[in-house]
Each structure stands twice: as structure tokens, then as C-alpha cells.
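So this one's structure-v7.txt, compact mmCIF, C-alpha atoms and all ligand atoms:
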```
# COMPACT_ATOMS: atom_id res chain seq x y z
CA MET A 1 8.56 -12.54 -102.87
CA THR A 2 5.82 -14.97 -101.95
CA SER A 3 4.83 -15.15 -98.31
CA PRO A 4 5.68 -18.27 -96.29
CA VAL A 5 2.41 -17.90 -94.37
CA TRP A 6 -0.05 -20.76 -94.80
CA HIS A 7 -3.52 -19.32 -94.14
CA PRO A 8 -6.50 -21.18 -92.64
CA PHE A 9 -9.41 -22.14 -94.91
CA THR A 10 -7.47 -20.72 -97.85
CA GLN A 11 -6.66 -22.41 -101.16
CA HIS A 12 -3.33 -20.82 -101.99
CA GLY A 13 -3.46 -22.42 -105.43
CA LEU A 14 -6.19 -19.99 -106.46
CA ASP A 15 -3.99 -16.94 -105.89
CA GLU A 16 -6.83 -14.93 -104.41
CA PRO A 17 -5.84 -11.56 -102.96
CA ILE A 18 -4.87 -11.56 -99.26
CA PRO A 19 -5.21 -7.97 -98.06
CA GLN A 20 -2.77 -6.83 -95.40
CA VAL A 21 -4.46 -5.02 -92.54
CA VAL A 22 -2.46 -2.56 -90.49
CA ARG A 23 -4.97 -1.02 -88.11
CA GLY A 24 -8.40 -1.63 -86.66
CA GLU A 25 -10.76 0.93 -85.23
CA GLY A 26 -14.38 0.23 -84.29
CA ALA A 27 -15.98 -1.57 -87.23
CA VAL A 28 -13.29 -0.50 -89.68
CA LEU A 29 -10.06 -2.15 -90.79
CA HIS A 30 -7.38 -0.06 -92.47
CA CYS A 31 -5.33 -1.86 -95.12
CA ALA A 32 -1.68 -1.39 -96.03
CA ASP A 33 -2.67 -0.03 -99.45
CA GLY A 34 -4.61 2.80 -97.85
CA THR A 35 -8.08 1.31 -98.43
CA THR A 36 -10.54 0.54 -95.64
CA LEU A 37 -12.90 -2.34 -95.00
CA ILE A 38 -16.04 -2.56 -92.88
CA ASP A 39 -15.60 -5.71 -90.79
CA ALA A 40 -19.06 -7.17 -91.38
CA VAL A 41 -18.16 -10.59 -89.91
CA SER A 42 -16.51 -9.32 -86.71
CA SER A 43 -13.18 -10.82 -87.82
CA TRP A 44 -14.62 -14.34 -87.82
CA TRP A 45 -17.22 -13.81 -85.11
CA VAL A 46 -14.96 -12.62 -82.31
CA THR A 47 -14.98 -8.80 -82.26
CA THR A 48 -17.97 -7.64 -80.19
CA HIS A 49 -17.65 -3.99 -79.13
CA GLY A 50 -15.36 -3.05 -82.02
CA HIS A 51 -11.66 -3.27 -82.83
CA CYS A 52 -9.18 -1.81 -80.36
CA HIS A 53 -11.74 -0.85 -77.75
CA PRO A 54 -9.89 1.66 -75.53
CA ARG A 55 -10.81 -0.02 -72.23
CA ILE A 56 -9.65 -3.41 -73.43
CA VAL A 57 -6.49 -2.01 -75.00
CA ALA A 58 -5.60 -0.21 -71.75
CA ALA A 59 -6.22 -3.34 -69.66
CA ILE A 60 -3.95 -5.37 -71.94
CA ALA A 61 -1.15 -2.81 -71.78
CA GLU A 62 -1.33 -2.54 -68.02
CA GLN A 63 -1.38 -6.29 -67.44
CA ALA A 64 1.41 -6.96 -69.97
CA ALA A 65 3.73 -4.73 -67.93
CA ARG A 66 2.82 -6.42 -64.62
CA LEU A 67 2.56 -10.19 -65.19
CA ASP A 68 2.67 -11.61 -68.71
CA GLN A 69 2.31 -15.34 -68.20
CA LEU A 70 2.06 -17.82 -65.35
CA ILE A 71 1.92 -21.59 -65.05
CA PHE A 72 -1.69 -22.26 -64.03
CA ALA A 73 -1.22 -25.73 -62.54
CA GLY A 74 -0.94 -24.98 -58.86
CA TYR A 75 -0.65 -21.17 -59.27
CA THR A 76 -3.21 -18.45 -59.75
CA HIS A 77 -3.47 -14.74 -60.47
CA GLU A 78 -5.97 -12.00 -59.89
CA PRO A 79 -7.24 -11.52 -63.49
CA ALA A 80 -8.14 -15.23 -63.75
CA GLU A 81 -9.94 -15.17 -60.39
CA THR A 82 -11.88 -12.05 -61.41
CA VAL A 83 -12.87 -13.49 -64.80
CA ALA A 84 -13.98 -16.76 -63.21
CA ARG A 85 -16.13 -15.00 -60.61
CA GLY A 86 -17.52 -12.69 -63.30
CA LEU A 87 -18.43 -15.60 -65.57
CA ILE A 88 -20.20 -17.48 -62.80
CA ALA A 89 -22.17 -14.35 -61.89
CA LEU A 90 -23.39 -13.96 -65.49
CA ALA A 91 -23.78 -17.58 -66.59
CA PRO A 92 -26.94 -19.68 -66.30
CA GLU A 93 -27.66 -20.98 -62.82
CA GLY A 94 -25.88 -24.12 -61.65
CA LEU A 95 -22.56 -23.47 -63.36
CA SER A 96 -20.05 -23.00 -60.56
CA ARG A 97 -16.61 -23.94 -61.87
CA VAL A 98 -14.47 -22.41 -64.61
CA PHE A 99 -11.74 -24.23 -66.52
CA PHE A 100 -9.66 -22.00 -68.78
CA SER A 101 -8.14 -22.82 -72.14
CA ASP A 102 -7.28 -20.81 -75.20
CA SER A 103 -9.62 -21.50 -78.10
CA GLY A 104 -13.16 -22.61 -78.73
CA SER A 105 -11.98 -25.99 -79.96
CA THR A 106 -10.02 -26.65 -76.79
CA ALA A 107 -12.99 -25.51 -74.67
CA VAL A 108 -15.02 -28.19 -76.46
CA GLU A 109 -12.34 -30.85 -75.97
CA VAL A 110 -12.30 -29.97 -72.27
CA ALA A 111 -16.10 -30.22 -72.10
CA LEU A 112 -16.08 -33.68 -73.68
CA LYS A 113 -13.32 -34.90 -71.36
CA MET A 114 -15.18 -33.52 -68.33
CA ALA A 115 -18.36 -35.33 -69.37
CA LEU A 116 -16.56 -38.63 -69.89
CA GLY A 117 -14.66 -38.19 -66.63
CA PHE A 118 -17.93 -37.58 -64.80
CA TRP A 119 -19.45 -40.87 -65.95
CA HIS A 120 -16.25 -42.78 -65.35
CA ARG A 121 -16.03 -41.62 -61.76
CA ARG A 122 -19.68 -42.52 -61.23
CA GLY A 123 -18.77 -46.12 -62.03
CA ASP A 124 -20.91 -45.99 -65.17
CA PRO A 125 -18.39 -45.33 -67.95
CA ARG A 126 -20.09 -43.84 -71.01
CA HIS A 127 -18.47 -42.75 -74.24
CA ARG A 128 -21.31 -41.91 -76.55
CA ILE A 129 -21.88 -38.26 -77.45
CA LEU A 130 -25.08 -36.99 -79.04
CA VAL A 131 -24.83 -34.10 -81.47
CA LEU A 132 -27.16 -31.94 -83.52
CA GLU A 133 -27.19 -32.28 -87.31
CA TYR A 134 -25.22 -29.47 -89.06
CA GLY A 135 -23.40 -28.70 -85.79
CA TYR A 136 -19.91 -27.23 -85.66
CA HIS A 137 -17.67 -27.27 -82.61
CA GLY A 138 -14.15 -26.67 -83.86
CA ASP A 139 -11.35 -28.16 -85.93
CA THR A 140 -9.38 -30.38 -83.58
CA ILE A 141 -10.00 -34.13 -83.92
CA GLY A 142 -12.42 -34.38 -80.98
CA ALA A 143 -14.26 -31.19 -81.90
CA MET A 144 -14.51 -32.34 -85.52
CA SER A 145 -15.87 -35.66 -84.34
CA VAL A 146 -18.87 -33.99 -82.68
CA GLY A 147 -19.41 -31.73 -85.69
CA ALA A 148 -21.14 -32.37 -88.99
CA ARG A 149 -19.20 -34.45 -91.49
CA GLY A 150 -18.45 -32.69 -94.73
CA VAL A 151 -15.86 -31.21 -96.98
CA PHE A 152 -14.12 -29.67 -93.94
CA ASN A 153 -13.20 -32.99 -92.39
CA ARG A 154 -13.68 -35.72 -95.02
CA ARG A 155 -9.92 -36.43 -95.16
CA TYR A 156 -9.82 -37.22 -91.45
CA GLU A 157 -13.03 -39.17 -91.20
CA PRO A 158 -11.38 -42.50 -90.31
CA LEU A 159 -9.97 -40.84 -87.18
CA LEU A 160 -13.21 -39.22 -86.05
CA PHE A 161 -15.15 -41.02 -83.34
CA ASP A 162 -18.70 -42.17 -83.85
CA VAL A 163 -21.51 -40.00 -82.49
CA GLY A 164 -25.30 -40.12 -82.38
CA THR A 165 -26.74 -37.43 -84.65
CA ILE A 166 -30.07 -35.84 -83.80
CA PRO A 167 -31.86 -34.24 -86.79
CA PHE A 168 -31.84 -30.44 -86.93
CA PRO A 169 -35.14 -29.00 -85.65
CA ALA A 170 -36.35 -27.47 -88.91
CA GLU A 171 -39.76 -25.88 -88.54
CA ALA A 172 -41.69 -28.84 -89.90
CA ASN A 173 -39.38 -31.28 -88.17
CA ALA A 174 -39.09 -30.14 -84.57
CA GLN A 175 -41.08 -33.00 -83.08
CA ALA A 176 -38.86 -35.49 -84.94
CA THR A 177 -35.85 -33.85 -83.29
CA LEU A 178 -37.31 -34.19 -79.82
CA ASP A 179 -38.41 -37.78 -80.44
CA ALA A 180 -34.97 -38.73 -81.76
CA LEU A 181 -33.25 -37.12 -78.78
CA ASP A 182 -35.57 -38.87 -76.36
CA ALA A 183 -34.97 -42.23 -78.06
CA ALA A 184 -31.19 -41.73 -78.07
CA CYS A 185 -31.23 -40.83 -74.37
CA ARG A 186 -33.16 -44.03 -73.61
CA ASP A 187 -30.82 -46.26 -75.62
CA THR A 188 -29.49 -48.75 -73.06
CA THR A 189 -27.10 -50.44 -75.51
CA ALA A 190 -25.17 -47.19 -75.97
CA PRO A 191 -26.20 -44.86 -73.14
CA PRO A 192 -25.09 -41.32 -73.98
CA ALA A 193 -22.73 -39.37 -71.76
CA ALA A 194 -23.70 -35.97 -73.12
CA PHE A 195 -25.54 -34.01 -75.77
CA ILE A 196 -23.56 -31.12 -77.25
CA VAL A 197 -25.50 -28.35 -78.89
CA GLU A 198 -25.14 -24.82 -80.26
CA PRO A 199 -28.04 -22.96 -78.63
CA LEU A 200 -30.48 -21.27 -81.07
CA LEU A 201 -27.94 -20.62 -83.84
CA LEU A 202 -25.78 -23.06 -85.80
CA GLY A 203 -23.04 -20.86 -87.21
CA ALA A 204 -20.67 -22.73 -89.49
CA GLY A 205 -23.52 -25.09 -90.44
CA GLY A 206 -25.02 -22.21 -92.41
CA MET A 207 -26.38 -19.69 -89.87
CA LEU A 208 -29.38 -21.89 -89.14
CA THR A 209 -31.70 -20.82 -86.36
CA TYR A 210 -34.27 -22.68 -84.27
CA PRO A 211 -36.71 -21.45 -81.61
CA ALA A 212 -35.93 -21.16 -77.91
CA PRO A 213 -38.79 -23.50 -76.82
CA ILE A 214 -37.11 -26.32 -78.80
CA LEU A 215 -33.86 -25.71 -76.95
CA ALA A 216 -35.78 -25.75 -73.67
CA GLU A 217 -37.42 -29.05 -74.60
CA MET A 218 -34.11 -30.59 -75.62
CA ALA A 219 -32.64 -29.56 -72.27
CA ALA A 220 -35.63 -31.03 -70.43
CA ILE A 221 -35.23 -34.35 -72.24
CA CYS A 222 -31.52 -34.51 -71.33
CA GLN A 223 -32.32 -33.68 -67.73
CA ARG A 224 -35.09 -36.28 -67.53
CA HIS A 225 -32.68 -38.99 -68.63
CA GLY A 226 -29.64 -37.72 -66.73
CA VAL A 227 -27.71 -37.07 -69.92
CA LEU A 228 -25.32 -34.11 -69.54
CA MET A 229 -26.05 -31.12 -71.70
CA ILE A 230 -23.09 -29.23 -73.14
CA ALA A 231 -24.01 -25.79 -74.49
CA ASP A 232 -21.51 -24.53 -77.04
CA GLU A 233 -21.92 -20.76 -76.61
CA ILE A 234 -18.64 -20.03 -78.37
CA LEU A 235 -20.40 -18.15 -81.17
CA THR A 236 -23.73 -17.38 -79.51
CA GLY A 237 -22.28 -15.92 -76.31
CA TRP A 238 -21.50 -12.26 -75.65
CA GLY A 239 -24.69 -10.86 -77.09
CA ARG A 240 -24.70 -12.21 -80.63
CA THR A 241 -28.22 -13.64 -80.35
CA GLY A 242 -29.64 -10.61 -78.51
CA THR A 243 -29.00 -11.82 -74.96
CA LEU A 244 -25.66 -12.23 -73.23
CA PHE A 245 -25.93 -16.01 -73.66
CA ALA A 246 -28.41 -17.71 -75.98
CA CYS A 247 -29.40 -20.23 -73.27
CA GLU A 248 -31.06 -17.37 -71.37
CA GLN A 249 -33.78 -17.09 -74.01
CA ALA A 250 -34.83 -20.66 -73.29
CA GLY A 251 -34.28 -20.51 -69.55
CA VAL A 252 -31.83 -23.38 -69.99
CA ALA A 253 -29.16 -24.25 -67.44
CA PRO A 254 -26.67 -26.58 -69.13
CA ASP A 255 -24.36 -28.87 -67.16
CA ILE A 256 -21.36 -27.63 -69.12
CA MET A 257 -20.98 -24.45 -71.15
CA CYS A 258 -18.19 -23.46 -73.53
CA VAL A 259 -17.33 -19.81 -74.12
CA ALA A 260 -14.56 -18.24 -76.19
CA LYS A 261 -14.58 -15.81 -79.15
CA GLY A 262 -16.07 -12.64 -77.59
CA ILE A 263 -14.91 -13.38 -74.03
CA THR A 264 -12.07 -10.85 -74.46
CA GLY A 265 -14.20 -8.62 -76.66
CA GLY A 266 -12.35 -10.36 -79.46
CA ALA A 267 -8.93 -8.93 -78.60
CA LEU A 268 -6.99 -11.99 -77.42
CA PRO A 269 -7.42 -15.77 -77.47
CA LEU A 270 -9.08 -17.10 -74.33
CA ALA A 271 -11.70 -19.74 -73.67
CA ALA A 272 -13.48 -21.18 -70.69
CA THR A 273 -15.44 -24.33 -70.01
CA LEU A 274 -17.95 -23.79 -67.21
CA ALA A 275 -19.13 -26.84 -65.28
CA SER A 276 -21.75 -27.63 -62.67
CA GLU A 277 -20.69 -28.64 -59.16
CA PRO A 278 -21.44 -32.38 -59.64
CA ILE A 279 -19.06 -32.49 -62.60
CA PHE A 280 -16.31 -30.82 -60.57
CA GLU A 281 -17.03 -33.04 -57.57
CA ALA A 282 -16.81 -36.17 -59.70
CA HIS A 283 -13.14 -35.35 -60.21
CA LEU A 284 -12.58 -34.57 -56.53
CA SER A 285 -10.83 -37.17 -54.37
CA ARG A 286 -7.64 -37.78 -52.39
CA ASP A 287 -6.37 -39.81 -55.35
CA ARG A 288 -4.24 -37.91 -57.84
CA ALA A 289 -5.26 -40.39 -60.54
CA ASP A 290 -8.76 -38.87 -60.47
CA MET A 291 -7.74 -35.29 -61.21
CA PHE A 292 -8.72 -33.65 -64.48
CA TYR A 293 -5.88 -34.25 -66.89
CA HIS A 294 -5.91 -31.30 -69.21
CA SER A 295 -3.82 -28.21 -69.74
CA SER A 296 -2.38 -26.04 -72.45
CA SER A 297 0.69 -23.86 -72.02
CA TYR A 298 -1.20 -20.58 -72.05
CA THR A 299 -4.13 -21.70 -69.90
CA ALA A 300 -5.60 -18.55 -68.29
CA ASN A 301 -2.87 -16.30 -69.68
CA PRO A 302 -2.94 -13.18 -67.47
CA ILE A 303 -2.98 -10.69 -70.37
CA ALA A 304 -5.88 -12.47 -72.04
CA CYS A 305 -7.66 -12.65 -68.68
CA ALA A 306 -7.12 -8.92 -68.16
CA ALA A 307 -8.78 -8.30 -71.53
CA ALA A 308 -11.69 -10.47 -70.39
CA VAL A 309 -11.93 -8.55 -67.09
CA ALA A 310 -12.24 -5.33 -69.10
CA ASN A 311 -14.85 -6.95 -71.36
CA LEU A 312 -16.89 -8.05 -68.35
CA ALA A 313 -16.70 -4.52 -66.94
CA ILE A 314 -17.98 -3.12 -70.23
CA TRP A 315 -20.91 -5.54 -70.08
CA ARG A 316 -21.63 -4.56 -66.47
CA GLU A 317 -21.25 -0.80 -66.84
CA GLU A 318 -22.40 0.00 -70.37
CA ASP A 319 -25.72 -0.62 -72.07
CA VAL A 320 -24.34 -3.25 -74.45
CA LEU A 321 -27.69 -5.01 -74.80
CA GLY A 322 -29.33 -1.69 -75.69
CA ARG A 323 -26.73 -1.21 -78.42
CA ILE A 324 -27.34 -4.74 -79.68
CA ASP A 325 -31.08 -4.15 -79.68
CA ALA A 326 -30.78 -0.97 -81.73
CA LEU A 327 -28.37 -2.61 -84.19
CA SER A 328 -30.56 -5.67 -84.64
CA THR A 329 -33.58 -3.45 -85.39
CA ILE A 330 -31.62 -1.66 -88.11
CA MET A 331 -30.47 -5.00 -89.50
CA ALA A 332 -34.06 -6.32 -89.48
CA GLY A 333 -35.21 -3.39 -91.58
CA GLU A 334 -32.43 -3.93 -94.11
CA LEU A 335 -33.02 -7.67 -94.23
CA ALA A 336 -36.75 -7.15 -94.84
CA ARG A 337 -35.89 -5.03 -97.86
CA LEU A 338 -33.78 -7.87 -99.31
CA ALA A 339 -36.37 -10.53 -98.55
CA GLY A 340 -38.36 -9.93 -101.74
CA HIS A 341 -35.33 -10.20 -104.00
CA PRO A 342 -35.91 -12.94 -106.60
CA ALA A 343 -32.37 -14.30 -106.21
CA LEU A 344 -32.46 -14.45 -102.39
CA GLU A 345 -34.33 -16.80 -100.09
CA SER A 346 -34.75 -17.88 -96.47
CA PRO A 347 -34.00 -14.61 -94.69
CA ARG A 348 -33.35 -15.22 -91.01
CA GLN A 349 -32.06 -13.24 -88.08
CA ILE A 350 -31.34 -13.68 -84.43
CA GLY A 351 -29.96 -10.73 -82.50
CA CYS A 352 -27.12 -9.21 -84.49
CA VAL A 353 -26.74 -12.11 -86.89
CA ALA A 354 -28.62 -11.92 -90.19
CA ALA A 355 -28.42 -14.42 -93.05
CA ILE A 356 -30.01 -14.97 -96.43
CA ASP A 357 -29.34 -17.62 -99.05
CA LEU A 358 -28.30 -16.75 -102.59
CA ARG A 359 -30.02 -18.83 -105.23
CA THR A 360 -27.28 -20.16 -107.47
CA ALA A 361 -26.97 -22.73 -110.21
CA SER A 362 -24.58 -24.78 -108.07
CA GLY A 363 -24.76 -24.68 -104.29
CA GLY A 364 -22.55 -26.02 -101.52
CA TYR A 365 -19.58 -24.60 -99.67
CA LEU A 366 -17.27 -25.27 -102.61
CA SER A 367 -19.48 -23.50 -105.11
CA ASP A 368 -17.43 -21.02 -107.14
CA VAL A 369 -19.78 -18.27 -106.14
CA ALA A 370 -18.24 -17.85 -102.66
CA PRO A 371 -14.80 -16.60 -103.80
CA ALA A 372 -16.45 -14.45 -106.47
CA LEU A 373 -18.68 -12.91 -103.82
CA ARG A 374 -15.73 -12.34 -101.52
CA ALA A 375 -13.88 -10.46 -104.25
CA PHE A 376 -17.01 -8.46 -105.10
CA PHE A 377 -17.45 -7.37 -101.48
CA LEU A 378 -13.75 -6.63 -101.07
CA ASP A 379 -14.05 -4.31 -104.03
CA ARG A 380 -16.89 -2.55 -102.23
CA GLY A 381 -14.78 -2.08 -99.09
CA LEU A 382 -16.49 -4.83 -97.14
CA LEU A 383 -15.12 -7.81 -95.26
CA LEU A 384 -17.88 -10.35 -95.90
CA ARG A 385 -17.15 -14.04 -96.17
CA PRO A 386 -20.16 -16.06 -97.32
CA LEU A 387 -20.52 -19.68 -96.20
CA GLY A 388 -20.97 -21.15 -99.68
CA ASN A 389 -24.15 -19.47 -100.90
CA VAL A 390 -25.16 -18.29 -97.42
CA LEU A 391 -24.70 -14.52 -97.17
CA TYR A 392 -24.53 -13.45 -93.56
CA VAL A 393 -23.81 -10.29 -91.62
CA MET A 394 -22.41 -10.38 -88.08
CA PRO A 395 -21.06 -6.90 -87.38
CA PRO A 396 -19.41 -5.50 -84.25
CA TYR A 397 -21.97 -3.75 -82.05
CA CYS A 398 -20.50 -0.30 -82.77
CA THR A 399 -21.30 -0.54 -86.49
CA SER A 400 -23.17 2.58 -87.64
CA THR A 401 -26.51 2.75 -89.43
CA ALA A 402 -24.74 4.04 -92.55
CA GLN A 403 -22.24 1.16 -92.46
CA ILE A 404 -25.06 -1.38 -92.08
CA GLY A 405 -26.78 0.30 -95.03
CA ASP A 406 -23.63 -0.11 -97.14
CA ILE A 407 -23.33 -3.79 -96.21
CA PHE A 408 -26.91 -4.69 -97.12
CA ALA A 409 -26.88 -2.57 -100.29
CA ALA A 410 -23.84 -4.53 -101.44
CA ILE A 411 -25.61 -7.81 -100.71
CA GLY A 412 -28.53 -6.68 -102.89
CA ASP A 413 -26.13 -5.75 -105.69
CA ALA A 414 -24.31 -9.07 -105.32
CA ALA A 415 -27.64 -10.88 -105.64
CA ASN A 416 -28.38 -8.95 -108.85
CA ARG A 417 -25.02 -9.90 -110.25
CA PHE A 418 -24.48 -13.50 -109.09
CA GLY A 419 -27.92 -14.88 -108.25
CA ALA A 420 -30.03 -17.21 -110.33
CA LYS A 421 -33.18 -15.18 -110.67
CA HIS A 422 -35.67 -17.88 -111.62
CA SER A 423 -36.93 -19.70 -108.54
CA ALA A 424 -36.50 -23.46 -108.20
C1 LIG B 501 -15.75 -20.92 -83.72
C2 LIG B 501 -16.48 -22.00 -83.04
C3 LIG B 501 -15.81 -23.02 -82.36
C4 LIG B 501 -14.30 -23.15 -82.38
O1 LIG B 501 -13.67 -22.07 -81.81
P1 LIG B 501 -12.12 -21.77 -82.17
O2 LIG B 501 -11.73 -20.69 -81.23
O3 LIG B 501 -12.13 -21.35 -83.61
O4 LIG B 501 -11.37 -23.03 -81.96
C5 LIG B 501 -16.56 -23.94 -81.69
N1 LIG B 501 -17.90 -23.88 -81.66
C6 LIG B 501 -18.59 -22.92 -82.31
C7 LIG B 501 -20.08 -22.90 -82.24
C8 LIG B 501 -17.90 -21.97 -83.06
O5 LIG B 501 -18.58 -21.04 -83.74
```
Have the structure of the file written as C-alpha cells, please.
Ligand SMILES: *Cc1c(COP(=O)(O)O)cnc(C)c1O
Amino acid sequence: MTSPVWHPFTQHGLDEPIPQVVRGEGAVLHCADGTTLIDAVSSWWVTTHGHCHPRIVAAIAEQAARLDQLIFAGYTHEPAETVARGLIALAPEGLSRVFFSDSGSTAVEVALKMALGFWHRRGDPRHRILVLEYGYHGDTIGAMSVGARGVFNRRYEPLLFDVGTIPFPAEANAQATLDALDAACRDTTAPPAAFIVEPLLLGAGGMLTYPAPILAEMAAICQRHGVLMIADEILTGWGRTGTLFACEQAGVAPDIMCVAKGITGGALPLAATLASEPIFEAHLSRDRADMFYHSSSYTANPIACAAAVANLAIWREEDVLGRIDALSTIMAGELARLAGHPALESPRQIGCVAAIDLRTASGGYLSDVAPALRAFFLDRGLLLRPLGNVLYVMPPYCTSTAQIGDIFAAIGDAANRFGAKHSA
């Protein structure tokens, strides 16, 4: 019998295999057919410490038996209060308010609405959002609007709002980025409300990295012109780039910051949009018409919050950064070995995220090589999901040296098999 399930980012017409996973443990997924997979993409960038971390599992079980769900408009609960205080203690300076939602995309929608609300209440309504080329911020209409246009959203383009795109700071191009941002911030015909940016690492755009000083300069430009800076730390947060948040590496204090994915260690859906005091105060008055109009049913779900409380405790009490450091060193060694491969180019790494491009006859996300690669890796017991011809590894922090070795060895073999060996 065929399954009625319609999967995300899946072309069911291609009849590709859809493994059924029954159990997760650390970096390993156990499939219904008895095989195992190393989860080399952290189950789409969310699993940080490993699957079914005992402390997080216990926190979920305990909370589920005590209070499962609560309306969050006008009511509160201890796990949400603890998470909010914990986030503020860890986040860049100046962020003092926490608005909960339940996915990265909704955290971005909330951030955009906060920014627009801020300007409206200041009596200077602004609706223009600046974005970084190749950016990705989610799949809802607003989040798609501030993301790169492409095959992912072409069908919906007439519905997407117009944004100002700042060129990606490629090595040779960084000054052009800063100049373009400065010019856009000065534009008096369409003064921007905010600049939304993925700090240091653009994930879905192809695992593109740029240096921390560029992020610092972009933040300084926004600050100089009073344009709000929204840091989308949904992927980069929770240690992926080698620090708890990527902004730390640039000493950047954004006005608004979005977190999700690893906030619960990757166990349950939860997101938060952190805001500075002026943004909160802009919505503060005796007039109910000025309140922040946003909610979703499961806002600050207590069980998800309890998972986040446990995650924060793990960060506080265990040497997670030490683990990340050790893992990223192992990954760097493996990546260096692949760097000379004639079918691979542009090796790059930040923290525990490593990427390398496969030279192919036909590139792009829709290139046939991606599904072929996926099948190849599946055969090798690896969950790897290339972005087009971009091969990347983003493992949970508990992944062993031997498992990392297996992952990179398979990438080398895949390059031998699928890569175009002659350069350019
Ligand atoms: C994944 C991601 C999002 C969207 O998060 P969802 O939870 O999938 O809605 C937004 N921004 C970035 C940078 C992401 O990587």
C-alpha cells in the first residue's frame, strides 16, 4: 500500500526510497529494516548533542506528566520563564525580551513584524527590508520574501514582497557588500526598517561562509544609520559555528535575534525571537491597539520549553564547546585530505560545519547528481543530503572519530564516482 504521507522537499514522482527510522541514539539512526545510518546532517541541522539525549528525554517525560500545554496569552509557566531567562543570560548584550513561537520560519515572521511595528510606533513607518544575497530564512511567505529567489519559491514569486538585496561578501567582493549596505541604509526614498542576515554561515544558500570582521562591519553600518539588525541564528546558533552563537565571533549585538533548531537540542519544535528593550518598549502603551499581534497555538509549549531548559543546563554544566572544538579539528583534518581531490573544490569549514563542492557536468540544486549522491550515501549507511552539488557534513557533537572518518571516506568515494575530474 502506498503511504498517504506527503514529504517535504520530496518529488514523490521519482519513487526514491524513503527509509523508515524507528530509533535514534547519539549520532546513529536505526531503520525498520535493521540497517543503521550515521546522521551526518543532524536531522536537518537540529540535533546538537545527539539523538535521544538522556537529560532531554527525562525532562520531556517529566514535564509531559505535569503540564502538557497552556495558552500563553495572559498565562505563563515555569519552563518558559526559565528558558527566557537562560536565553537572555547567554545571548549577545542588549537583547532583553523573548517572544516564543514554534519554528524558525515563524521566528523570522515575528522578527519582521516586530521591526515594522517598531518603526510604525515611532511615527516613521518603514516597510523595506534589506537582505543578503543567497540568504535563506524559511518557507512561509514572509520568510521566503526575505530569502533568495530560486527554484524553491519561483511558483510563489508574485506573492513575495520586494526587498533590497545586498551582494554576498565573497572574498574579492567584501567592500562592495559594505558599500551597497551603506548606500541602501542611506536611501531616503525607501528607508529600510531592518537588515536580516545569517551570521557567518549561509546554510541553505550553499553553506557559504564569510569572515567575522565583515559581519561586524555590517552591524556597524546598520547601527550608524539606525537600521535594525536581525540576526537569523536559527542554523548558526547552539554551537554550529564553534561558538554558542555566531554573532559572538564578531562581537555583534543585533537588535533582534531568531533562534530555533538546536534550542531544544533538536528534540522538539520551539523557536524564540529575542528583541532589544527599545523594540519591546515601542509596543508598550495603555492602548490595546499597540500590542504585538502575533501568536501560534503552541507558543511556548511547556514540554518543548522543558526540553530547552534541559538543553540550556547541558550547555551550562558540560563542556559542549570543548566537544565542538575537538570534533571540528577532526573534521578539518578530514576535509584537508579531500581538498586535493580533482573532482572537489572550494573546501570550507566553520565550527562543526564542513562543505566542499563536487565538480559536475551540470550544476544547480536540480542537478541529477544530488539524488544519485543521496542513494550512494544511503547505501554506505550515511544520512547525507547534498545541496545540489554542495557536499556538506554537519554532525551531532557526539559523533565519533571513526564515524567522521566513514563520512569523509564516503565523500571521497562519491567524488571518484560522480565527479567531473577535469577542472573547468
Ligand atoms: C532552517 C532555517 C530557517 C527556518 O527554520 P524552520 O524551523 O525550518 O522553519 C530559517 N533560517 C535559517 C538560517 C535556517 O537554516
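The two atoms in question, atom CA of Ser105 of chain A and atom CA of His51 of chain A, are spaced 22.9 Å apart.
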Legend entry - Residues within 9 Å of (-23.0, -32.7, -91.4), file coords, only C-alpha atoms, listed as an MDAnalysis selection string: chainID A and resid 132:136 147:150 205
Write as a tab-separated table (two decimals) with C-alpha atoms, in the frame of the given file the residues around ligand LIG 501 (chain B), taking 8 Å as the cut-off and counting only C-alpha atoms and all ligand atoms.
```
chain	number	residue	atom	x	y	z
A	44	TRP	CA	-14.62	-14.34	-87.82
A	45	TRP	CA	-17.22	-13.81	-85.11
A	102	ASP	CA	-7.28	-20.81	-75.20
A	103	SER	CA	-9.62	-21.50	-78.10
A	104	GLY	CA	-13.16	-22.61	-78.73
A	105	SER	CA	-11.98	-25.99	-79.96
A	106	THR	CA	-10.02	-26.65	-76.79
A	107	ALA	CA	-12.99	-25.51	-74.67
A	108	VAL	CA	-15.02	-28.19	-76.46
A	135	GLY	CA	-23.40	-28.70	-85.79
A	136	TYR	CA	-19.91	-27.23	-85.66
A	137	HIS	CA	-17.67	-27.27	-82.61
A	138	GLY	CA	-14.15	-26.67	-83.86
A	139	ASP	CA	-11.35	-28.16	-85.93
A	140	THR	CA	-9.38	-30.38	-83.58
A	143	ALA	CA	-14.26	-31.19	-81.90
A	198	GLU	CA	-25.14	-24.82	-80.26
A	202	LEU	CA	-25.78	-23.06	-85.80
A	203	GLY	CA	-23.04	-20.86	-87.21
A	204	ALA	CA	-20.67	-22.73	-89.49
A	232	ASP	CA	-21.51	-24.53	-77.04
A	233	GLU	CA	-21.92	-20.76	-76.61
A	234	ILE	CA	-18.64	-20.03	-78.37
A	235	LEU	CA	-20.40	-18.15	-81.17
A	236	THR	CA	-23.73	-17.38	-79.51
A	260	ALA	CA	-14.56	-18.24	-76.19
A	261	LYS	CA	-14.58	-15.81	-79.15
A	269	PRO	CA	-7.42	-15.77	-77.47
A	271	ALA	CA	-11.70	-19.74	-73.67
```
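Residue nearest Val227 of chain A within the list A:Asp406, A:Asp179, A:Glu248, A:Asp255: A:Asp255 [criterion: smallest interatomic distance, only C-alpha atoms].
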Inset, instruction - Write out as a PyMOL selection string each polymer residue whose atoms come within 9 Å of Ile411 of chain A, counting only C-alpha atoms; drop sequence neighbours fewer than 6 positions from it. - result: chain A and resi 338+377+391
Legend entry - Residues within 12 Å of (-18.4, -35.0, -68.6), counting all atoms listed in the file, listed as JSON, numbers by chain: {"A": [108, 109, 110, 111, 112, 113, 114, 115, 116, 117, 118, 119, 120, 121, 122, 124, 125, 126, 127, 128, 129, 192, 193, 194, 195, 196, 226, 227, 228, 229, 230, 254, 255, 256, 257, 273, 274, 275, 276, 277, 278, 279, 280, 281, 282, 283, 292]}
Give me the segment 359-412 of chain A side of the contact with segment 319-327 of chain A, cut-off 8 Å, one line per residue showing its nearest atom pair and distance in Å at one decimal, counting all atoms listed in the file, sorted by chain and residue number, as a tab-separated table.
```
residue	atom	partner	partner_atom	distance
A:Tyr397	CA	A:Ile324	CA	6.0
A:Cys398	CA	A:Arg323	CA	7.7
A:Thr399	CA	A:Leu327	CA	7.7
A:Thr401	CA	A:Leu327	CA	7.7
```
Inset, instruction - Name all residues at most 10 Å from Leu29 of chain A (count only C-alpha atoms; drop same-chain ones fewer than 6 positions away) and give them as JSON, numbers by chain. - result: {"A": [20, 21, 22, 23, 35, 36, 37, 38, 39, 43, 51, 381, 382, 383]}
Legend entry - Of the listed residues A:Leu378, A:Val252, A:Leu344, A:Ala415, that which approaches Cys31 of chain A most closely, counting only C-alpha atoms: A:Leu378
Legend entry - Selected residue, from A:Pro167, A:Phe9, A:Cys222, A:Glu25, that lies nearest to Leu387 of chain A when counting all atoms listed in the file: A:Phe9
Legend entry - atom CA of Gly266 of chain A to atom CA of Ala355 of chain A, straight-line distance in Å: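 Result for atom CA of Ala355 of chain A versus atom CA of Gly266 of chain A: 21.4 Å, one decimal.
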